[in-house]
>>> print(open('start.cif').read())   # mmCIF, C-alpha atoms and all ligand atoms
data_model
loop_
_atom_site.group_PDB
_atom_site.id
_atom_site.type_symbol
_atom_site.label_atom_id
_atom_site.label_comp_id
_atom_site.auth_asym_id
_atom_site.auth_seq_id
_atom_site.Cartn_x
_atom_site.Cartn_y
_atom_site.Cartn_z
ATOM 1 C CA MET U 1 0.000 0.000 0.000
ATOM 2 C CA GLN U 2 1.670 3.185 -1.129
ATOM 3 C CA PRO U 3 1.040 6.534 0.549
ATOM 4 C CA ILE U 4 -1.750 8.691 -0.893
ATOM 5 C CA GLN U 5 -0.432 10.555 -3.944
ATOM 6 C CA GLY U 6 -2.684 13.589 -3.658
ATOM 7 C CA LEU U 7 -6.194 14.781 -4.360
ATOM 8 C CA HIS U 8 -8.333 12.858 -6.835
ATOM 9 C CA HIS U 9 -11.339 15.191 -7.040
ATOM 10 C CA ILE U 10 -13.307 17.780 -5.100
ATOM 11 C CA THR U 11 -17.107 17.759 -4.963
ATOM 12 C CA ALA U 12 -19.164 20.837 -4.165
ATOM 13 C CA VAL U 13 -22.717 22.150 -4.239
ATOM 14 C CA ALA U 14 -24.020 24.762 -6.655
ATOM 15 C CA SER U 15 -27.469 26.213 -7.201
ATOM 16 C CA ASP U 16 -27.712 27.056 -10.910
ATOM 17 C CA ALA U 17 -26.194 24.612 -13.422
ATOM 18 C CA GLN U 18 -25.786 27.126 -16.244
ATOM 19 C CA ALA U 19 -24.017 29.681 -14.033
ATOM 20 C CA ASN U 20 -21.760 26.895 -12.818
ATOM 21 C CA VAL U 21 -20.815 25.846 -16.375
ATOM 22 C CA ASP U 22 -20.326 29.453 -17.468
ATOM 23 C CA PHE U 23 -17.927 30.046 -14.587
ATOM 24 C CA TYR U 24 -15.820 26.883 -14.588
ATOM 25 C CA VAL U 25 -15.677 26.485 -18.373
ATOM 26 C CA GLY U 26 -16.072 30.064 -19.540
ATOM 27 C CA VAL U 27 -14.033 31.897 -16.924
ATOM 28 C CA LEU U 28 -11.568 29.310 -15.623
ATOM 29 C CA GLY U 29 -11.216 27.286 -18.821
ATOM 30 C CA GLN U 30 -11.899 23.877 -17.329
ATOM 31 C CA ARG U 31 -13.410 21.309 -19.671
ATOM 32 C CA LEU U 32 -16.843 19.885 -18.833
ATOM 33 C CA ILE U 33 -15.696 16.269 -18.937
ATOM 34 C CA LYS U 34 -18.787 14.458 -17.729
ATOM 35 C CA THR U 35 -22.466 15.277 -17.658
ATOM 36 C CA THR U 36 -24.286 12.778 -15.501
ATOM 37 C CA VAL U 37 -26.684 12.717 -12.561
ATOM 38 C CA ASN U 38 -26.310 12.409 -8.834
ATOM 39 C CA PHE U 39 -26.527 8.623 -8.424
ATOM 40 C CA ASP U 40 -28.400 9.081 -5.125
ATOM 41 C CA ASP U 41 -30.747 11.759 -6.550
ATOM 42 C CA PRO U 42 -31.064 11.356 -10.338
ATOM 43 C CA GLY U 43 -33.215 14.488 -10.715
ATOM 44 C CA THR U 44 -30.023 16.491 -10.158
ATOM 45 C CA TYR U 45 -27.029 16.810 -12.438
ATOM 46 C CA HIS U 46 -23.573 15.739 -11.473
ATOM 47 C CA LEU U 47 -21.204 17.898 -13.532
ATOM 48 C CA TYR U 48 -17.487 17.148 -13.743
ATOM 49 C CA TYR U 49 -14.805 19.598 -14.816
ATOM 50 C CA GLY U 50 -11.146 18.906 -15.402
ATOM 51 C CA ASP U 51 -8.335 19.046 -17.892
ATOM 52 C CA HIS U 52 -8.777 17.604 -21.409
ATOM 53 C CA THR U 53 -9.084 14.018 -20.141
ATOM 54 C CA GLY U 54 -10.154 14.504 -16.516
ATOM 55 C CA THR U 55 -6.782 13.551 -15.086
ATOM 56 C CA PRO U 56 -6.989 12.699 -11.362
ATOM 57 C CA GLY U 57 -6.073 15.806 -9.424
ATOM 58 C CA THR U 58 -7.848 18.117 -11.883
ATOM 59 C CA ALA U 59 -11.442 16.917 -11.401
ATOM 60 C CA LEU U 60 -13.942 19.229 -9.757
ATOM 61 C CA THR U 61 -17.528 18.021 -9.539
ATOM 62 C CA PHE U 62 -20.790 19.758 -8.671
ATOM 63 C CA PHE U 63 -24.289 18.891 -7.660
ATOM 64 C CA PRO U 64 -26.349 21.879 -8.832
ATOM 65 C CA TRP U 65 -29.391 21.778 -6.562
ATOM 66 C CA ARG U 66 -31.943 24.331 -7.679
ATOM 67 C CA ASN U 67 -33.397 26.419 -4.846
ATOM 68 C CA MET U 68 -30.669 25.237 -2.479
ATOM 69 C CA HIS U 69 -30.094 27.824 0.241
ATOM 70 C CA ARG U 70 -26.619 29.297 0.547
ATOM 71 C CA GLY U 71 -24.280 27.511 2.974
ATOM 72 C CA ARG U 72 -22.211 29.289 5.605
ATOM 73 C CA VAL U 73 -18.488 28.731 5.944
ATOM 74 C CA GLY U 74 -17.361 27.413 9.303
ATOM 75 C CA THR U 75 -15.332 24.695 10.946
ATOM 76 C CA GLY U 76 -15.594 21.057 9.985
ATOM 77 C CA GLU U 77 -15.434 21.696 6.268
ATOM 78 C CA THR U 78 -13.225 22.520 3.321
ATOM 79 C CA SER U 79 -13.258 26.301 3.137
ATOM 80 C CA ALA U 80 -11.292 26.884 -0.057
ATOM 81 C CA MET U 81 -9.891 25.068 -3.067
ATOM 82 C CA ALA U 82 -6.801 26.177 -4.911
ATOM 83 C CA TYR U 83 -5.646 25.591 -8.476
ATOM 84 C CA ALA U 84 -2.008 25.854 -9.480
ATOM 85 C CA ILE U 85 -0.978 28.277 -12.205
ATOM 86 C CA PRO U 86 2.497 29.003 -13.542
ATOM 87 C CA THR U 87 4.074 32.025 -11.850
ATOM 88 C CA SER U 88 4.295 33.701 -15.257
ATOM 89 C CA ALA U 89 0.478 33.535 -15.593
ATOM 90 C CA LEU U 90 -0.437 35.480 -12.445
ATOM 91 C CA SER U 91 -0.678 38.962 -13.948
ATOM 92 C CA TRP U 92 -2.593 37.560 -16.946
ATOM 93 C CA TRP U 93 -5.204 36.086 -14.568
ATOM 94 C CA MET U 94 -5.434 39.298 -12.558
ATOM 95 C CA ASP U 95 -6.181 41.199 -15.768
ATOM 96 C CA ARG U 96 -8.673 38.606 -16.968
ATOM 97 C CA LEU U 97 -10.655 38.505 -13.721
ATOM 98 C CA LEU U 98 -10.670 42.311 -13.599
ATOM 99 C CA ASP U 99 -11.953 42.457 -17.189
ATOM 100 C CA LEU U 100 -14.691 39.973 -16.290
ATOM 101 C CA ARG U 101 -15.601 42.064 -13.216
ATOM 102 C CA ILE U 102 -14.826 39.252 -10.824
ATOM 103 C CA GLU U 103 -13.759 40.710 -7.531
ATOM 104 C CA THR U 104 -10.443 39.348 -6.298
ATOM 105 C CA SER U 105 -8.358 39.733 -3.169
ATOM 106 C CA GLY U 106 -4.600 39.460 -3.075
ATOM 107 C CA PRO U 107 -2.286 38.335 -4.377
ATOM 108 C CA GLU U 108 -0.984 37.573 -0.907
ATOM 109 C CA LYS U 109 2.016 35.424 -0.027
ATOM 110 C CA ARG U 110 1.483 31.970 1.436
ATOM 111 C CA PHE U 111 4.479 29.712 2.030
ATOM 112 C CA GLY U 112 6.381 31.905 -0.419
ATOM 113 C CA GLU U 113 3.849 31.623 -3.260
ATOM 114 C CA SER U 114 1.384 34.271 -4.485
ATOM 115 C CA VAL U 115 -2.286 33.435 -3.930
ATOM 116 C CA LEU U 116 -5.173 35.193 -5.680
ATOM 117 C CA ARG U 117 -8.650 34.640 -4.165
ATOM 118 C CA PHE U 118 -12.136 35.097 -5.570
ATOM 119 C CA ALA U 119 -15.539 33.474 -5.311
ATOM 120 C CA ASP U 120 -17.510 31.338 -7.733
ATOM 121 C CA PRO U 121 -21.212 32.167 -8.428
ATOM 122 C CA ASP U 122 -22.293 30.327 -5.259
ATOM 123 C CA GLY U 123 -19.638 31.855 -3.044
ATOM 124 C CA ILE U 124 -17.080 29.041 -3.023
ATOM 125 C CA VAL U 125 -13.629 30.451 -2.392
ATOM 126 C CA VAL U 126 -11.403 29.625 -5.364
ATOM 127 C CA GLU U 127 -7.701 30.398 -5.204
ATOM 128 C CA LEU U 128 -5.046 30.513 -7.882
ATOM 129 C CA VAL U 129 -1.593 29.737 -6.517
ATOM 130 C CA ALA U 130 1.316 30.870 -8.642
ATOM 131 C CA THR U 131 3.971 28.214 -8.439
ATOM 132 C CA ASP U 132 7.327 27.602 -10.081
ATOM 133 C CA ASN U 133 6.569 23.885 -10.219
ATOM 134 C CA PRO U 134 3.151 23.623 -11.866
ATOM 135 C CA ALA U 135 1.987 20.074 -12.392
ATOM 136 C CA THR U 136 1.492 18.222 -15.631
ATOM 137 C CA ILE U 137 -1.962 18.225 -17.214
ATOM 138 C CA VAL U 138 -3.446 17.466 -20.604
ATOM 139 C CA HIS U 139 -4.326 20.902 -21.936
ATOM 140 C CA TRP U 140 -7.796 21.413 -23.436
ATOM 141 C CA GLU U 141 -6.919 23.042 -26.751
ATOM 142 C CA GLU U 142 -10.526 23.998 -27.612
ATOM 143 C CA GLY U 143 -10.968 25.877 -24.337
ATOM 144 C CA PRO U 144 -10.783 29.642 -23.829
ATOM 145 C CA ILE U 145 -7.438 29.731 -21.997
ATOM 146 C CA PRO U 146 -4.076 29.558 -23.801
ATOM 147 C CA ALA U 147 -1.889 26.662 -22.637
ATOM 148 C CA ALA U 148 0.707 28.989 -21.096
ATOM 149 C CA HIS U 149 -1.851 30.353 -18.637
ATOM 150 C CA ALA U 150 -4.093 27.341 -18.079
ATOM 151 C CA LEU U 151 -4.859 25.997 -14.624
ATOM 152 C CA ARG U 152 -2.632 23.021 -13.802
ATOM 153 C CA GLY U 153 -4.949 21.011 -11.624
ATOM 154 C CA PHE U 154 -5.396 21.428 -7.912
ATOM 155 C CA HIS U 155 -2.669 22.927 -5.805
ATOM 156 C CA SER U 156 -4.309 22.456 -2.403
ATOM 157 C CA VAL U 157 -7.404 22.548 -0.271
ATOM 158 C CA THR U 158 -7.912 24.399 2.983
ATOM 159 C CA LEU U 159 -9.691 22.648 5.845
ATOM 160 C CA LEU U 160 -11.095 24.955 8.513
ATOM 161 C CA LEU U 161 -10.836 23.115 11.836
ATOM 162 C CA ARG U 162 -11.014 23.784 15.562
ATOM 163 C CA GLU U 163 -8.095 21.436 16.257
ATOM 164 C CA VAL U 164 -5.159 20.370 14.133
ATOM 165 C CA ALA U 165 -3.830 17.255 15.843
ATOM 166 C CA PRO U 166 -6.646 14.689 15.354
ATOM 167 C CA THR U 167 -6.963 15.391 11.615
ATOM 168 C CA ALA U 168 -3.196 15.627 11.164
ATOM 169 C CA ALA U 169 -2.857 12.210 12.769
ATOM 170 C CA VAL U 170 -5.175 10.671 10.173
ATOM 171 C CA LEU U 171 -3.334 12.361 7.311
ATOM 172 C CA VAL U 172 0.154 11.503 8.542
ATOM 173 C CA GLU U 173 -0.281 8.140 10.260
ATOM 174 C CA HIS U 174 -2.918 6.568 8.042
ATOM 175 C CA MET U 175 -2.703 8.250 4.633
ATOM 176 C CA GLY U 176 1.024 8.850 4.174
ATOM 177 C CA TYR U 177 0.924 12.655 4.262
ATOM 178 C CA GLU U 178 3.902 14.555 5.584
ATOM 179 C CA PHE U 179 3.908 17.796 7.594
ATOM 180 C CA VAL U 180 5.866 20.394 5.644
ATOM 181 C CA ALA U 181 5.421 23.824 7.169
ATOM 182 C CA ARG U 182 3.431 26.125 9.406
ATOM 183 C CA GLU U 183 2.617 29.766 8.792
ATOM 184 C CA GLY U 184 0.562 31.384 11.573
ATOM 185 C CA ASN U 185 -2.493 29.194 12.109
ATOM 186 C CA ARG U 186 -2.045 27.400 8.758
ATOM 187 C CA PHE U 187 -0.451 23.941 8.797
ATOM 188 C CA ARG U 188 0.559 22.350 5.493
ATOM 189 C CA TYR U 189 0.661 18.616 4.715
ATOM 190 C CA LYS U 190 1.987 17.108 1.498
ATOM 191 C CA GLY U 191 0.964 13.981 -0.411
ATOM 192 C CA ALA U 192 3.506 11.526 -1.719
ATOM 193 C CA SER U 193 3.794 12.525 -5.377
ATOM 194 C CA ASN U 194 5.234 15.739 -6.718
ATOM 195 C CA ASP U 195 2.430 16.419 -9.099
ATOM 196 C CA ARG U 196 -1.220 17.502 -8.925
ATOM 197 C CA GLY U 197 -3.269 18.086 -5.799
ATOM 198 C CA LEU U 198 -0.359 17.804 -3.451
ATOM 199 C CA TYR U 199 -1.264 19.813 -0.392
ATOM 200 C CA VAL U 200 -3.821 19.744 2.377
ATOM 201 C CA ASP U 201 -3.715 22.864 4.543
ATOM 202 C CA ILE U 202 -5.359 22.918 7.940
ATOM 203 C CA VAL U 203 -6.301 26.344 9.247
ATOM 204 C CA GLN U 204 -6.907 26.225 12.963
ATOM 205 C CA VAL U 205 -9.729 28.445 14.247
ATOM 206 C CA PRO U 206 -10.634 27.179 17.726
ATOM 207 C CA ASP U 207 -13.364 29.744 18.356
ATOM 208 C CA THR U 208 -15.223 29.544 15.046
ATOM 209 C CA GLY U 209 -18.597 27.827 14.799
ATOM 210 C CA ARG U 210 -19.345 24.936 12.530
ATOM 211 C CA GLY U 211 -20.194 25.528 8.890
ATOM 212 C CA ALA U 212 -23.740 25.193 7.602
ATOM 213 C CA PHE U 213 -24.118 23.029 4.524
ATOM 214 C CA GLY U 214 -25.704 24.488 1.390
ATOM 215 C CA ALA U 215 -25.007 25.928 -2.045
ATOM 216 C CA GLY U 216 -21.414 27.108 -2.074
ATOM 217 C CA SER U 217 -20.273 24.363 0.286
ATOM 218 C CA ILE U 218 -17.591 21.863 -0.594
ATOM 219 C CA HIS U 219 -19.231 18.516 0.096
ATOM 220 C CA HIS U 220 -16.137 16.323 0.244
ATOM 221 C CA ILE U 221 -12.597 15.931 -0.965
ATOM 222 C CA ALA U 222 -11.332 12.716 -2.544
ATOM 223 C CA PHE U 223 -7.836 11.297 -2.368
ATOM 224 C CA ARG U 224 -6.184 9.081 -4.971
ATOM 225 C CA THR U 225 -5.575 5.380 -4.741
ATOM 226 C CA VAL U 226 -4.307 3.426 -7.714
ATOM 227 C CA ASP U 227 -6.659 0.451 -7.854
ATOM 228 C CA ASP U 228 -9.321 -1.643 -6.126
ATOM 229 C CA GLU U 229 -6.813 -3.805 -4.307
ATOM 230 C CA GLU U 230 -5.050 -0.876 -2.705
ATOM 231 C CA GLN U 231 -8.389 0.731 -1.881
ATOM 232 C CA LEU U 232 -9.380 -2.362 0.109
ATOM 233 C CA GLU U 233 -6.122 -2.111 2.035
ATOM 234 C CA TYR U 234 -6.988 1.499 2.866
ATOM 235 C CA LEU U 235 -10.498 0.427 3.870
ATOM 236 C CA ALA U 236 -9.076 -2.118 6.304
ATOM 237 C CA SER U 237 -6.371 0.115 7.749
ATOM 238 C CA LEU U 238 -8.654 3.149 8.196
ATOM 239 C CA ARG U 239 -11.222 0.965 9.955
ATOM 240 C CA ALA U 240 -8.478 -0.489 12.134
ATOM 241 C CA ALA U 241 -7.625 3.109 13.077
ATOM 242 C CA GLY U 242 -11.160 3.504 14.406
ATOM 243 C CA LEU U 243 -12.675 5.471 11.529
ATOM 244 C CA GLN U 244 -16.192 4.681 10.295
ATOM 245 C CA VAL U 245 -15.524 3.873 6.650
ATOM 246 C CA THR U 246 -18.291 3.007 4.157
ATOM 247 C CA PRO U 247 -18.153 -0.104 2.003
ATOM 248 C CA VAL U 248 -16.876 0.422 -1.558
ATOM 249 C CA GLN U 249 -19.363 2.401 -3.701
ATOM 250 C CA ASP U 250 -19.445 2.122 -7.493
ATOM 251 C CA ARG U 251 -19.229 5.669 -8.854
ATOM 252 C CA GLN U 252 -18.964 4.417 -12.437
ATOM 253 C CA TYR U 253 -15.769 6.348 -13.278
ATOM 254 C CA PHE U 254 -14.024 5.365 -10.040
ATOM 255 C CA HIS U 255 -14.722 3.343 -6.928
ATOM 256 C CA SER U 256 -15.027 5.101 -3.621
ATOM 257 C CA ILE U 257 -14.925 4.704 0.122
ATOM 258 C CA TYR U 258 -15.903 7.532 2.453
ATOM 259 C CA PHE U 259 -15.264 8.484 6.042
ATOM 260 C CA ARG U 260 -15.583 11.582 8.178
ATOM 261 C CA GLU U 261 -12.212 12.624 9.576
ATOM 262 C CA PRO U 262 -12.140 13.658 13.252
ATOM 263 C CA GLY U 263 -12.565 17.374 12.444
ATOM 264 C CA GLY U 264 -15.804 16.686 10.568
ATOM 265 C CA VAL U 265 -14.707 16.906 6.920
ATOM 266 C CA LEU U 266 -15.951 14.139 4.623
ATOM 267 C CA PHE U 267 -12.993 12.349 3.043
ATOM 268 C CA GLU U 268 -13.185 9.910 0.128
ATOM 269 C CA VAL U 269 -10.544 7.556 -1.204
ATOM 270 C CA ALA U 270 -11.164 7.005 -4.929
ATOM 271 C CA THR U 271 -9.477 4.787 -7.506
ATOM 272 C CA ASP U 272 -7.750 6.272 -10.564
ATOM 273 C CA GLU U 273 -9.394 3.536 -12.651
ATOM 274 C CA PRO U 274 -11.518 3.096 -14.725
ATOM 275 C CA GLY U 275 -11.637 6.842 -15.476
ATOM 276 C CA PHE U 276 -13.889 9.101 -17.524
ATOM 277 C CA THR U 277 -13.389 7.374 -20.886
ATOM 278 C CA LEU U 278 -15.340 4.383 -19.600
ATOM 279 C CA ASP U 279 -18.467 5.383 -21.545
ATOM 280 C CA GLU U 280 -17.337 8.002 -24.083
ATOM 281 C CA THR U 281 -14.215 8.807 -26.044
ATOM 282 C CA VAL U 282 -11.839 11.597 -25.056
ATOM 283 C CA GLU U 283 -13.288 13.750 -27.841
ATOM 284 C CA GLU U 284 -16.860 13.150 -26.687
ATOM 285 C CA LEU U 285 -16.271 13.735 -22.976
ATOM 286 C CA GLY U 286 -19.039 15.745 -21.340
ATOM 287 C CA THR U 287 -21.065 16.345 -24.494
ATOM 288 C CA SER U 288 -24.089 14.181 -23.703
ATOM 289 C CA LEU U 289 -25.948 12.998 -20.628
ATOM 290 C CA LYS U 290 -24.413 9.752 -19.405
ATOM 291 C CA LEU U 291 -26.349 7.499 -17.065
ATOM 292 C CA PRO U 292 -25.228 4.372 -15.271
ATOM 293 C CA ALA U 293 -26.856 1.190 -16.574
ATOM 294 C CA TRP U 294 -29.286 1.032 -13.665
ATOM 295 C CA TYR U 295 -30.865 4.382 -14.658
ATOM 296 C CA GLU U 296 -30.990 3.925 -18.469
ATOM 297 C CA ALA U 297 -34.578 2.637 -18.389
ATOM 298 C CA GLN U 298 -35.638 5.906 -16.726
ATOM 299 C CA ARG U 299 -33.736 8.171 -19.152
ATOM 300 C CA PRO U 300 -36.800 10.012 -20.581
ATOM 301 C CA GLN U 301 -38.133 10.894 -17.127
ATOM 302 C CA ILE U 302 -34.677 11.876 -15.863
ATOM 303 C CA GLU U 303 -33.961 14.091 -18.891
ATOM 304 C CA ALA U 304 -37.344 15.787 -18.508
ATOM 305 C CA ARG U 305 -36.533 16.800 -14.930
ATOM 306 C CA LEU U 306 -33.096 18.266 -15.647
ATOM 307 C CA PRO U 307 -32.684 21.899 -16.729
ATOM 308 C CA VAL U 308 -31.266 22.432 -20.216
ATOM 309 C CA ILE U 309 -27.617 23.484 -20.221
ATOM 310 C CA GLU U 310 -26.755 25.723 -23.136
ATOM 311 C CA ARG U 311 -23.468 24.650 -24.724
ATOM 312 C CA LYS U 312 -21.664 27.862 -25.534
ATOM 313 C CA THR U 313 -18.356 28.389 -27.245
ATOM 314 C CA TYR U 314 -16.342 30.414 -24.800
ATOM 315 C CA THR U 315 -13.394 32.457 -25.909
ATOM 316 C CA ASP U 316 -10.571 34.242 -24.229
ATOM 317 C CA ASN U 317 -12.410 37.528 -23.838
ATOM 318 C CA ASP U 318 -16.100 36.777 -24.286
ATOM 319 C CA VAL U 319 -17.851 35.142 -21.359
HETATM 320 ZN ZN ZN Z 1 -16.392 12.136 -4.578
#
>>> encode(input="start.cif", output="structure tokens", more="lines below")
Ligand code: ZN
Amino acid sequence: MQPIQGLHHITAVASDAQANVDFYVGVLGQRLIKTTVNFDDPGTYHLYYGDHTGTPGTALTFFPWRNMHRGRVGTGETSAMAYAIPTSALSWWMDRLLDLRIETSGPEKRFGESVLRFADPDGIVVELVATDNPATIVHWEEGPIPAAHALRGFHSVTLLLREVAPTAAVLVEHMGYEFVAREGNRFRYKGASNDRGLYVDIVQVPDTGRGAFGAGSIHHIAFRTVDDEEQLEYLASLRAAGLQVTPVQDRQYFHSIYFREPGGVLFEVATDEPGFTLDETVEELGTSLKLPAWYEAQRPQIEARLPVIERKTYTDNDV
């Protein structure tokens, strides 16, 4: 069982599907790589964004629940997600977000890197971290962002917690993360690879209340495991550590186990295989509604309940 390599995907809650697509594809230049439904609630989309092929460590997924009330950020949840960009792209992104009238704060320095912060349409804090070692991705050539400036997958997530030690123990002792640095009340842990989705930051806020779940909340974060066999080893070892871990769930494009870490954040361990080309080619990714076999018989009813998403061609300066 090798240590966890980094983040696999992040899953969050939106309210309006079209606004979500317009932001993540049109503004940030992520490719919509899978259009499916929430397997537990098939009247709701499950939208996946990533690089050209949905490489693990680039995948961001949303449940757009119409009429969902806005969540409130607090402890026991992931309070921000950060994408890596090349250092040379920072001023380009500052200009772009200004042109698009997206309010930003920063850039501020964090562990020596510049971090630009802004919010998505539902209030999720998105950060761009300018790094000299941006990870490898498969660039989406048809997207609105030139390759030199494109997001390079996740850089990190920030967990807002009352205490550091219990969560750090799970990361370090049971998932193979390593403590790398502290800056004020921010503690940084690093996964085992040197590529995408490397860092988990814990920000300690002992006097802050718990978050309230809703639109704009990050539902869970998923970590990478290579295959089913290794996932079962993680299942056994996490249970042996006293964590309440679910049985393996079939998520079609990966297999998943879930547990709530001691600080309250929902963690998932997901397999890299079989991946997003299971039911469509790389070229087709995201272009039509994909359903797992057990929902195909209900396709007409499911399609009738979902809002239409307009497929726009986004360009560099027209969003
Ligand atoms: Zn997940």
>>> closest_atom_pairs(input="start.cif", of="segment 141-183 of chain U", to="segment 245-268 of chain U", cutoff="10 Å", atoms="all atoms listed in the file", output="tab-separated table")
residue	atom	partner	partner_atom	distance
U:Leu159	CA	U:Val265	CA	7.7
U:Leu160	CA	U:Gly263	CA	8.7
U:Leu161	CA	U:Gly263	CA	6.0
U:Arg162	CA	U:Gly263	CA	7.3
U:Glu163	CA	U:Gly263	CA	7.1
U:Val164	CA	U:Gly263	CA	8.2
U:Ala165	CA	U:Gly263	CA	9.4
U:Pro166	CA	U:Pro262	CA	6.0
U:Thr167	CA	U:Pro262	CA	5.7
U:Ala168	CA	U:Pro262	CA	9.4
U:Ala169	CA	U:Pro262	CA	9.4
U:Val170	CA	U:Glu261	CA	7.3
U:Leu171	CA	U:Glu261	CA	9.2
>>> resolve_selection(input="start.cif", expression="the PyMOL selection byres (((not hetatm)) within 8 of (chain Z and resi 1))", output="PyMOL selection string")
chain U and resi 9-11+61+220-222+256+268+270
>>> resolve_selection(input="start.cif", expression="the PyMOL selection byres (((chain U and resi 188-191) around 6) and not hetatm)", output="ChimeraX atom specification")
/U:4-6,177-181,187,192-193,198-201
>>> resolve_selection(input="start.cif", expression="the PyMOL selection byres (((chain U and resi 1) around 12) and not hetatm)", output="list in words")
Gln2, Pro3, Ile4, Gln5, His174, Met175, Gly176, Thr225, Val226, Asp227, Asp228, Glu229, Glu230, Gln231, Leu232, Glu233, Tyr234, Leu235, Ala236 and Ser237 of chain U
>>> write_last_selection(input="start.cif", atoms="C-alpha atoms", output="PDB file, in the frame of the given file")
ATOM      1  CA  GLN U   2       1.670   3.185  -1.129  1.00  0.00           C
ATOM      2  CA  PRO U   3       1.040   6.534   0.549  1.00  0.00           C
ATOM      3  CA  ILE U   4      -1.750   8.691  -0.893  1.00  0.00           C
ATOM      4  CA  GLN U   5      -0.432  10.555  -3.944  1.00  0.00           C
ATOM      5  CA  HIS U 174      -2.918   6.568   8.042  1.00  0.00           C
ATOM      6  CA  MET U 175      -2.703   8.250   4.633  1.00  0.00           C
ATOM      7  CA  GLY U 176       1.024   8.850   4.174  1.00  0.00           C
ATOM      8  CA  THR U 225      -5.575   5.380  -4.741  1.00  0.00           C
ATOM      9  CA  VAL U 226      -4.307   3.426  -7.714  1.00  0.00           C
ATOM     10  CA  ASP U 227      -6.659   0.451  -7.854  1.00  0.00           C
ATOM     11  CA  ASP U 228      -9.321  -1.643  -6.126  1.00  0.00           C
ATOM     12  CA  GLU U 229      -6.813  -3.805  -4.307  1.00  0.00           C
ATOM     13  CA  GLU U 230      -5.050  -0.876  -2.705  1.00  0.00           C
ATOM     14  CA  GLN U 231      -8.389   0.731  -1.881  1.00  0.00           C
ATOM     15  CA  LEU U 232      -9.380  -2.362   0.109  1.00  0.00           C
ATOM     16  CA  GLU U 233      -6.122  -2.111   2.035  1.00  0.00           C
ATOM     17  CA  TYR U 234      -6.988   1.499   2.866  1.00  0.00           C
ATOM     18  CA  LEU U 235     -10.498   0.427   3.870  1.00  0.00           C
ATOM     19  CA  ALA U 236      -9.076  -2.118   6.304  1.00  0.00           C
ATOM     20  CA  SER U 237      -6.371   0.115   7.749  1.00  0.00           C
TER      21      SER U 237
END
>>> residues_near_point(input="start.cif", point="(-29.3, 15.6, -22.7)", cutoff="12 Å", atoms="all atoms listed in the file", output="PyMOL selection string")
chain U and resi 34-37+45+286-291+299-311
>>> closest_residue(input="start.cif", among="U:Arg31, U:His155, U:His219, U:His149", to="Val129 of chain U", atoms="only C-alpha atoms")
U:His155
>>> residues_around(input="start.cif", residues="Ala14 of chain U", least_positions_apart="3", cutoff="12 Å", atoms="all atoms listed in the file", output="mmCIF file with C-alpha atoms, in the frame of the given file")
data_model
loop_
_atom_site.group_PDB
_atom_site.id
_atom_site.type_symbol
_atom_site.label_atom_id
_atom_site.label_comp_id
_atom_site.auth_asym_id
_atom_site.auth_seq_id
_atom_site.Cartn_x
_atom_site.Cartn_y
_atom_site.Cartn_z
ATOM 1 C CA THR U 11 -17.107 17.759 -4.963
ATOM 2 C CA ALA U 17 -26.194 24.612 -13.422
ATOM 3 C CA GLN U 18 -25.786 27.126 -16.244
ATOM 4 C CA ALA U 19 -24.017 29.681 -14.033
ATOM 5 C CA ASN U 20 -21.760 26.895 -12.818
ATOM 6 C CA VAL U 21 -20.815 25.846 -16.375
ATOM 7 C CA PHE U 23 -17.927 30.046 -14.587
ATOM 8 C CA TYR U 24 -15.820 26.883 -14.588
ATOM 9 C CA THR U 44 -30.023 16.491 -10.158
ATOM 10 C CA TYR U 45 -27.029 16.810 -12.438
ATOM 11 C CA HIS U 46 -23.573 15.739 -11.473
ATOM 12 C CA LEU U 47 -21.204 17.898 -13.532
ATOM 13 C CA LEU U 60 -13.942 19.229 -9.757
ATOM 14 C CA THR U 61 -17.528 18.021 -9.539
ATOM 15 C CA PHE U 62 -20.790 19.758 -8.671
ATOM 16 C CA PHE U 63 -24.289 18.891 -7.660
ATOM 17 C CA PRO U 64 -26.349 21.879 -8.832
ATOM 18 C CA TRP U 65 -29.391 21.778 -6.562
ATOM 19 C CA ARG U 66 -31.943 24.331 -7.679
ATOM 20 C CA ASN U 67 -33.397 26.419 -4.846
ATOM 21 C CA MET U 68 -30.669 25.237 -2.479
ATOM 22 C CA HIS U 69 -30.094 27.824 0.241
ATOM 23 C CA ARG U 70 -26.619 29.297 0.547
ATOM 24 C CA GLY U 71 -24.280 27.511 2.974
ATOM 25 C CA ASP U 120 -17.510 31.338 -7.733
ATOM 26 C CA PRO U 121 -21.212 32.167 -8.428
ATOM 27 C CA ASP U 122 -22.293 30.327 -5.259
ATOM 28 C CA GLY U 123 -19.638 31.855 -3.044
ATOM 29 C CA ILE U 124 -17.080 29.041 -3.023
ATOM 30 C CA PHE U 213 -24.118 23.029 4.524
ATOM 31 C CA GLY U 214 -25.704 24.488 1.390
ATOM 32 C CA ALA U 215 -25.007 25.928 -2.045
ATOM 33 C CA GLY U 216 -21.414 27.108 -2.074
ATOM 34 C CA SER U 217 -20.273 24.363 0.286
ATOM 35 C CA ILE U 218 -17.591 21.863 -0.594
ATOM 36 C CA HIS U 219 -19.231 18.516 0.096
#
>>> atom_distance(input="start.cif", atom1="atom CA of Leu32 of chain U", atom2="atom CA of His52 of chain U")
8.8 Å
>>> residues_around(input="start.cif", residues="Ile137 of chain U", least_positions_apart="3", cutoff="10 Å", atoms="all atoms listed in the file", output="list in words")
Gly50, Asp51, His52, Thr53, Gly54, Thr55, Pro56, Gly57, Thr58, Pro134, Trp140, Ala150, Leu151, Arg152, Gly153, Asp195 and Arg196 of chain U
>>> atom_distance(input="start.cif", atom1="atom CA of Pro107 of chain U", atom2="atom CA of Ser88 of chain U")
13.5 Å
>>> atom_distance(input="start.cif", atom1="atom CA of Asn133 of chain U", atom2="atom CA of Val282 of chain U")
26.6 Å
